[in-house]
Amino acid sequence: CYDDSNTLRLLRYVPQVILAVIVVFLLCVVVLILTIEQSEQNRLWIGLFKETAHQLGTPTSSLMAWSEVLKMNYPNDELLPELDKDITRLKTIVERFSHVGSKAELEVANVSEVIKEVVNYMRNRISQQVRIHTSLPNESFAMLNIPLFEWVIENLCKNAVDAMSGKGELTIELEETTSLVRINI
C-alpha cells in the first residue's frame, strides 16, 4: 500500500494559508489607508478652525479698539453696553474655535454658575414662547474647559428648542453624586 506522506498532505493546505495571509495583509493595508485619510481630514478641519479663529480675531480686536474710542467720545451712549456684549460674544467664539483640536485645559469651575450664565444668554436669543426652568444646586464644582462646556450646553438648548418648534418648556436639571455630575436637559 502506498499513501501520500504527511508532508505532501500538509502541502495541500499551503495555498489556502497563503491566500488567508494575503487577505489579512490587504485588510491591514486598507484599514491603514483609511486611518491615514481620516487623520488628514481631521488635521484639515483643525487647521480650518484655527484659521477661522485667527481671521475672526483681527476684526474682533479692531472692534474692541473702536469700542474704547466710542466710550471716550460718547461715554453715556446706551448702545455701548450692547456693543460690548457683542464683542464679548465674538471673543468667546474665537476662543472656542481656537480650542478645537487642542488638548483641553481643565479648571475647577462651579457648574451651576456656568449653566446659569448660558441660560441667561439663551433666554434673550430664543423664542419668547419657550420657558426655561432650571433646577441647579448652589454649588457644584467640576473640572471643566468653560468655553467648550458653555458651547455644549448652548447647543443642547438650541437643539431642544428646535425640536419643540420654538414653543414649549425646557428644563435643565443638575444632579450631583459622589463621582459624577449629571445634566438632564
# chains A, B, ... in the order shown; residues from 1 in each chain; ligands from 1

call {"tool": "select_by_dssp", "arguments": {"residues": "chain A", "states": "strand (DSSP E)", "output": "PyMOL selection string"}}
result
chain A and resi 107-110+130-135+141-144+168-176+181-184

call {"tool": "select_by_dssp", "arguments": {"residues": "chain A", "states": "helix (DSSP H, G or I)", "output": "MDAnalysis selection string"}}
result
chainID A and resid 6:11 14:73 80:99 111:123 146:163

call {"tool": "atom_distance", "arguments": {"atom1": "atom CA of Ala160 of chain A", "atom2": "atom CA of Ile126 of chain A"}}
result
10.8 Å

call {"tool": "closest_atom_pairs", "arguments": {"of": "segment 16-123 of chain A", "to": "segment 129-142 of chain A", "cutoff": "7 Å", "atoms": "only C-alpha atoms", "output": "Markdown table"}}
result
| residue | atom | partner | partner_atom | distance |
| --- | --- | --- | --- | --- |
| A:Val108 | CA | A:Ala142 | CA | 5.5 |
| A:Ala109 | CA | A:Phe141 | CA | 5.4 |
| A:Asn110 | CA | A:Phe141 | CA | 4.4 |
| A:Val111 | CA | A:Ser140 | CA | 5.5 |
| A:Ser112 | CA | A:Leu136 | CA | 5.8 |

call {"tool": "write_last_selection", "arguments": {"atoms": "N, CA, C and O atoms", "output": "mmCIF file, in the first residue's frame"}}
result
data_model
loop_
_atom_site.group_PDB
_atom_site.id
_atom_site.type_symbol
_atom_site.label_atom_id
_atom_site.label_comp_id
_atom_site.auth_asym_id
_atom_site.auth_seq_id
_atom_site.Cartn_x
_atom_site.Cartn_y
_atom_site.Cartn_z
ATOM 1 N N VAL A 108 -11.109 74.046 37.736
ATOM 2 C CA VAL A 108 -12.226 73.834 38.642
ATOM 3 C C VAL A 108 -13.210 74.979 38.452
ATOM 4 O O VAL A 108 -12.825 76.150 38.477
ATOM 5 N N ALA A 109 -14.468 74.622 38.221
ATOM 6 C CA ALA A 109 -15.488 75.641 37.990
ATOM 7 C C ALA A 109 -16.794 75.206 38.643
ATOM 8 O O ALA A 109 -17.065 74.011 38.804
ATOM 9 N N ASN A 110 -17.597 76.187 39.006
ATOM 10 C CA ASN A 110 -18.927 75.929 39.547
ATOM 11 C C ASN A 110 -19.860 75.674 38.363
ATOM 12 O O ASN A 110 -20.205 76.595 37.623
ATOM 13 N N VAL A 111 -20.246 74.430 38.163
ATOM 14 C CA VAL A 111 -21.061 74.029 37.024
ATOM 15 C C VAL A 111 -22.395 74.771 37.034
ATOM 16 O O VAL A 111 -22.874 75.207 35.983
ATOM 17 N N SER A 112 -22.977 74.960 38.210
ATOM 18 C CA SER A 112 -24.262 75.658 38.302
ATOM 19 C C SER A 112 -24.156 77.080 37.775
ATOM 20 O O SER A 112 -25.030 77.544 37.041
#

call {"tool": "closest_atom_pairs", "arguments": {"of": "segment 81-163 of chain A", "to": "segment 24-48 of chain A", "cutoff": "9 Å", "atoms": "only C-alpha atoms", "output": "JSON lines"}}
result
{"residue": "A:Phe97", "atom": "CA", "partner": "A:Ile46", "partner_atom": "CA", "distance": 8.9}
{"residue": "A:Ser98", "atom": "CA", "partner": "A:Ile46", "partner_atom": "CA", "distance": 8.9}
{"residue": "A:Val100", "atom": "CA", "partner": "A:Ile46", "partner_atom": "CA", "distance": 6.3}
{"residue": "A:Gly101", "atom": "CA", "partner": "A:Ile46", "partner_atom": "CA", "distance": 5.6}
{"residue": "A:Ser102", "atom": "CA", "partner": "A:Ile46", "partner_atom": "CA", "distance": 8.8}

call {"tool": "write_last_selection", "arguments": {"atoms": "all heavy atoms", "output": "CSV table (one decimal), in the first residue's frame"}}
result
chain,number,residue,atom,x,y,z
A,97,PHE,N,-13.2,78.4,18.8
A,97,PHE,CA,-12.6,77.9,17.6
A,97,PHE,C,-11.2,77.6,17.8
A,97,PHE,O,-10.6,76.6,17.2
A,97,PHE,CB,-12.9,78.9,16.5
A,97,PHE,CG,-14.1,78.7,15.7
A,97,PHE,CD1,-15.4,79.0,16.3
A,97,PHE,CD2,-14.2,78.1,14.5
A,97,PHE,CE1,-16.5,78.8,15.7
A,97,PHE,CE2,-15.4,77.9,13.8
A,97,PHE,CZ,-16.6,78.3,14.4
A,98,SER,N,-10.5,78.4,18.6
A,98,SER,CA,-9.1,78.2,18.8
A,98,SER,C,-8.8,76.9,19.6
A,98,SER,O,-7.7,76.4,19.6
A,98,SER,CB,-8.4,79.4,19.4
A,98,SER,OG,-8.8,79.6,20.7
A,100,VAL,N,-10.4,74.0,19.3
A,100,VAL,CA,-10.7,72.8,18.6
A,100,VAL,C,-9.4,72.1,18.2
A,100,VAL,O,-8.5,72.8,17.6
A,100,VAL,CB,-11.6,73.1,17.3
A,100,VAL,CG1,-11.7,71.9,16.5
A,100,VAL,CG2,-12.9,73.6,17.8
A,101,GLY,N,-9.3,70.9,18.5
A,101,GLY,CA,-8.1,70.1,18.2
A,101,GLY,C,-7.0,70.2,19.2
A,101,GLY,O,-6.0,69.5,19.1
A,102,SER,N,-7.1,71.0,20.2
A,102,SER,CA,-6.1,71.2,21.2
A,102,SER,C,-6.5,70.3,22.4
A,102,SER,O,-7.6,70.0,22.6
A,102,SER,CB,-6.0,72.6,21.7
A,102,SER,OG,-5.7,73.5,20.6

call {"tool": "residues_around", "arguments": {"residues": "segment 54-57 of chain A", "least_positions_apart": "2", "cutoff": "12 Å", "atoms": "only C-alpha atoms", "output": "PyMOL selection string"}}
result
chain A and resi 47-52+59-64+87-99

call {"tool": "write_last_selection", "arguments": {"atoms": "N, CA, C and O atoms", "output": "mmCIF file, in the first residue's frame"}}
result
data_model
loop_
_atom_site.group_PDB
_atom_site.id
_atom_site.type_symbol
_atom_site.label_atom_id
_atom_site.label_comp_id
_atom_site.auth_asym_id
_atom_site.auth_seq_id
_atom_site.Cartn_x
_atom_site.Cartn_y
_atom_site.Cartn_z
ATOM 1 N N GLY A 47 -7.111 72.717 11.120
ATOM 2 C CA GLY A 47 -6.467 73.877 10.508
ATOM 3 C C GLY A 47 -7.481 74.935 10.110
ATOM 4 O O GLY A 47 -7.244 76.139 10.301
ATOM 5 N N LEU A 48 -8.612 74.505 9.561
ATOM 6 C CA LEU A 48 -9.663 75.458 9.179
ATOM 7 C C LEU A 48 -10.237 76.173 10.401
ATOM 8 O O LEU A 48 -10.477 77.388 10.364
ATOM 9 N N PHE A 49 -10.454 75.435 11.489
ATOM 10 C CA PHE A 49 -10.967 76.060 12.707
ATOM 11 C C PHE A 49 -9.977 77.086 13.249
ATOM 12 O O PHE A 49 -10.355 78.188 13.638
ATOM 13 N N LYS A 50 -8.704 76.710 13.284
ATOM 14 C CA LYS A 50 -7.694 77.633 13.817
ATOM 15 C C LYS A 50 -7.544 78.860 12.918
ATOM 16 O O LYS A 50 -7.380 79.977 13.408
ATOM 17 N N GLU A 51 -7.617 78.670 11.613
ATOM 18 C CA GLU A 51 -7.523 79.811 10.693
ATOM 19 C C GLU A 51 -8.753 80.706 10.848
ATOM 20 O O GLU A 51 -8.640 81.935 10.821
ATOM 21 N N THR A 52 -9.923 80.101 11.045
ATOM 22 C CA THR A 52 -11.136 80.887 11.275
ATOM 23 C C THR A 52 -11.000 81.706 12.551
ATOM 24 O O THR A 52 -11.359 82.892 12.580
ATOM 25 N N PRO A 59 -10.715 91.317 13.254
ATOM 26 C CA PRO A 59 -11.782 92.322 13.372
ATOM 27 C C PRO A 59 -12.305 92.468 14.800
ATOM 28 O O PRO A 59 -12.757 93.537 15.186
ATOM 29 N N THR A 60 -12.215 91.399 15.592
ATOM 30 C CA THR A 60 -12.680 91.490 16.975
ATOM 31 C C THR A 60 -11.808 92.464 17.763
ATOM 32 O O THR A 60 -12.326 93.306 18.503
ATOM 33 N N SER A 61 -10.495 92.370 17.592
ATOM 34 C CA SER A 61 -9.617 93.316 18.293
ATOM 35 C C SER A 61 -9.831 94.737 17.776
ATOM 36 O O SER A 61 -9.762 95.704 18.535
ATOM 37 N N SER A 62 -10.129 94.883 16.504
ATOM 38 C CA SER A 62 -10.429 96.200 15.948
ATOM 39 C C SER A 62 -11.715 96.760 16.561
ATOM 40 O O SER A 62 -11.785 97.944 16.922
ATOM 41 N N LEU A 63 -12.740 95.907 16.689
ATOM 42 C CA LEU A 63 -13.989 96.340 17.316
ATOM 43 C C LEU A 63 -13.778 96.736 18.774
ATOM 44 O O LEU A 63 -14.409 97.685 19.272
ATOM 45 N N MET A 64 -12.897 96.022 19.469
ATOM 46 C CA MET A 64 -12.588 96.374 20.847
ATOM 47 C C MET A 64 -11.979 97.777 20.912
ATOM 48 O O MET A 64 -12.338 98.586 21.781
ATOM 49 N N ILE A 87 -19.108 92.154 21.392
ATOM 50 C CA ILE A 87 -17.654 91.938 21.301
ATOM 51 C C ILE A 87 -17.237 90.786 22.210
ATOM 52 O O ILE A 87 -16.435 89.934 21.803
ATOM 53 N N THR A 88 -17.803 90.729 23.406
ATOM 54 C CA THR A 88 -17.501 89.618 24.312
ATOM 55 C C THR A 88 -17.930 88.297 23.694
ATOM 56 O O THR A 88 -17.220 87.296 23.785
ATOM 57 N N ARG A 89 -19.073 88.309 23.029
ATOM 58 C CA ARG A 89 -19.560 87.091 22.360
ATOM 59 C C ARG A 89 -18.603 86.669 21.247
ATOM 60 O O ARG A 89 -18.290 85.493 21.098
ATOM 61 N N LEU A 90 -18.149 87.633 20.456
ATOM 62 C CA LEU A 90 -17.175 87.321 19.399
ATOM 63 C C LEU A 90 -15.891 86.754 19.988
ATOM 64 O O LEU A 90 -15.312 85.805 19.441
ATOM 65 N N LYS A 91 -15.437 87.315 21.096
ATOM 66 C CA LYS A 91 -14.222 86.803 21.745
ATOM 67 C C LYS A 91 -14.423 85.362 22.202
ATOM 68 O O LYS A 91 -13.524 84.529 22.074
ATOM 69 N N THR A 92 -15.620 85.061 22.710
ATOM 70 C CA THR A 92 -15.927 83.695 23.145
ATOM 71 C C THR A 92 -15.893 82.736 21.963
ATOM 72 O O THR A 92 -15.336 81.638 22.053
ATOM 73 N N ILE A 93 -16.466 83.155 20.843
ATOM 74 C CA ILE A 93 -16.480 82.303 19.648
ATOM 75 C C ILE A 93 -15.058 82.065 19.149
ATOM 76 O O ILE A 93 -14.692 80.941 18.800
ATOM 77 N N VAL A 94 -14.253 83.114 19.132
ATOM 78 C CA VAL A 94 -12.858 82.967 18.706
ATOM 79 C C VAL A 94 -12.126 81.998 19.627
ATOM 80 O O VAL A 94 -11.375 81.131 19.169
ATOM 81 N N GLU A 95 -12.375 82.120 20.933
ATOM 82 C CA GLU A 95 -11.726 81.233 21.895
ATOM 83 C C GLU A 95 -12.150 79.783 21.674
ATOM 84 O O GLU A 95 -11.327 78.864 21.720
ATOM 85 N N ARG A 96 -13.439 79.566 21.409
ATOM 86 C CA ARG A 96 -13.927 78.208 21.155
ATOM 87 C C ARG A 96 -13.272 77.608 19.927
ATOM 88 O O ARG A 96 -12.824 76.462 19.943
ATOM 89 N N PHE A 97 -13.241 78.366 18.846
ATOM 90 C CA PHE A 97 -12.646 77.859 17.611
ATOM 91 C C PHE A 97 -11.160 77.577 17.794
ATOM 92 O O PHE A 97 -10.633 76.633 17.213
ATOM 93 N N SER A 98 -10.489 78.390 18.590
ATOM 94 C CA SER A 98 -9.051 78.173 18.772
ATOM 95 C C SER A 98 -8.770 76.935 19.620
ATOM 96 O O SER A 98 -7.681 76.378 19.558
ATOM 97 N N HIS A 99 -9.755 76.490 20.420
ATOM 98 C CA HIS A 99 -9.559 75.300 21.251
ATOM 99 C C HIS A 99 -9.760 73.992 20.485
ATOM 100 O O HIS A 99 -9.349 72.943 20.961
#

call {"tool": "atom_distance", "arguments": {"atom1": "atom CA of Pro147 of chain A", "atom2": "atom CA of Asp84 of chain A"}}
result
18.0 Å

call {"tool": "residues_around", "arguments": {"residues": "Tyr121 of chain A", "least_positions_apart": "4", "cutoff": "12 Å", "atoms": "only C-alpha atoms", "output": "list in words"}}
result
Lys85, Asp86, Thr88, Arg89, Val114, Ile115, Lys116, Glu117, Arg125, Ile126, Ile132, Glu150, Trp151, Ile153, Glu154, Cys157 and Lys158 of chain A

call {"tool": "write_last_selection", "arguments": {"atoms": "C-alpha atoms", "output": "mmCIF file, in the first residue's frame"}}
result
data_model
loop_
_atom_site.group_PDB
_atom_site.id
_atom_site.type_symbol
_atom_site.label_atom_id
_atom_site.label_comp_id
_atom_site.auth_asym_id
_atom_site.auth_seq_id
_atom_site.Cartn_x
_atom_site.Cartn_y
_atom_site.Cartn_z
ATOM 1 C CA LYS A 85 -21.793 92.278 24.845
ATOM 2 C CA ASP A 86 -21.429 91.507 21.135
ATOM 3 C CA THR A 88 -17.501 89.618 24.312
ATOM 4 C CA ARG A 89 -19.560 87.091 22.360
ATOM 5 C CA VAL A 114 -21.717 78.272 34.191
ATOM 6 C CA ILE A 115 -25.128 76.813 33.304
ATOM 7 C CA LYS A 116 -26.898 79.891 34.746
ATOM 8 C CA GLU A 117 -24.797 82.161 32.533
ATOM 9 C CA ARG A 125 -31.913 84.619 21.927
ATOM 10 C CA ILE A 126 -34.667 82.029 21.713
ATOM 11 C CA ILE A 132 -36.562 77.700 30.532
ATOM 12 C CA GLU A 150 -20.771 76.533 27.580
ATOM 13 C CA TRP A 151 -20.777 75.661 23.892
ATOM 14 C CA ILE A 153 -24.923 73.442 26.899
ATOM 15 C CA GLU A 154 -25.783 76.157 24.385
ATOM 16 C CA CYS A 157 -30.543 74.082 24.454
ATOM 17 C CA LYS A 158 -30.720 75.203 20.818
#

call {"tool": "atom_distance", "arguments": {"atom1": "atom CA of Leu156 of chain A", "atom2": "atom CA of Glu173 of chain A"}}
result
12.9 Å

call {"tool": "closest_residue", "arguments": {"among": "A:Ile146, A:Tyr2, A:Ala53, A:Gly168", "to": "Glu113 of chain A", "atoms": "only C-alpha atoms"}}
result
A:Ile146
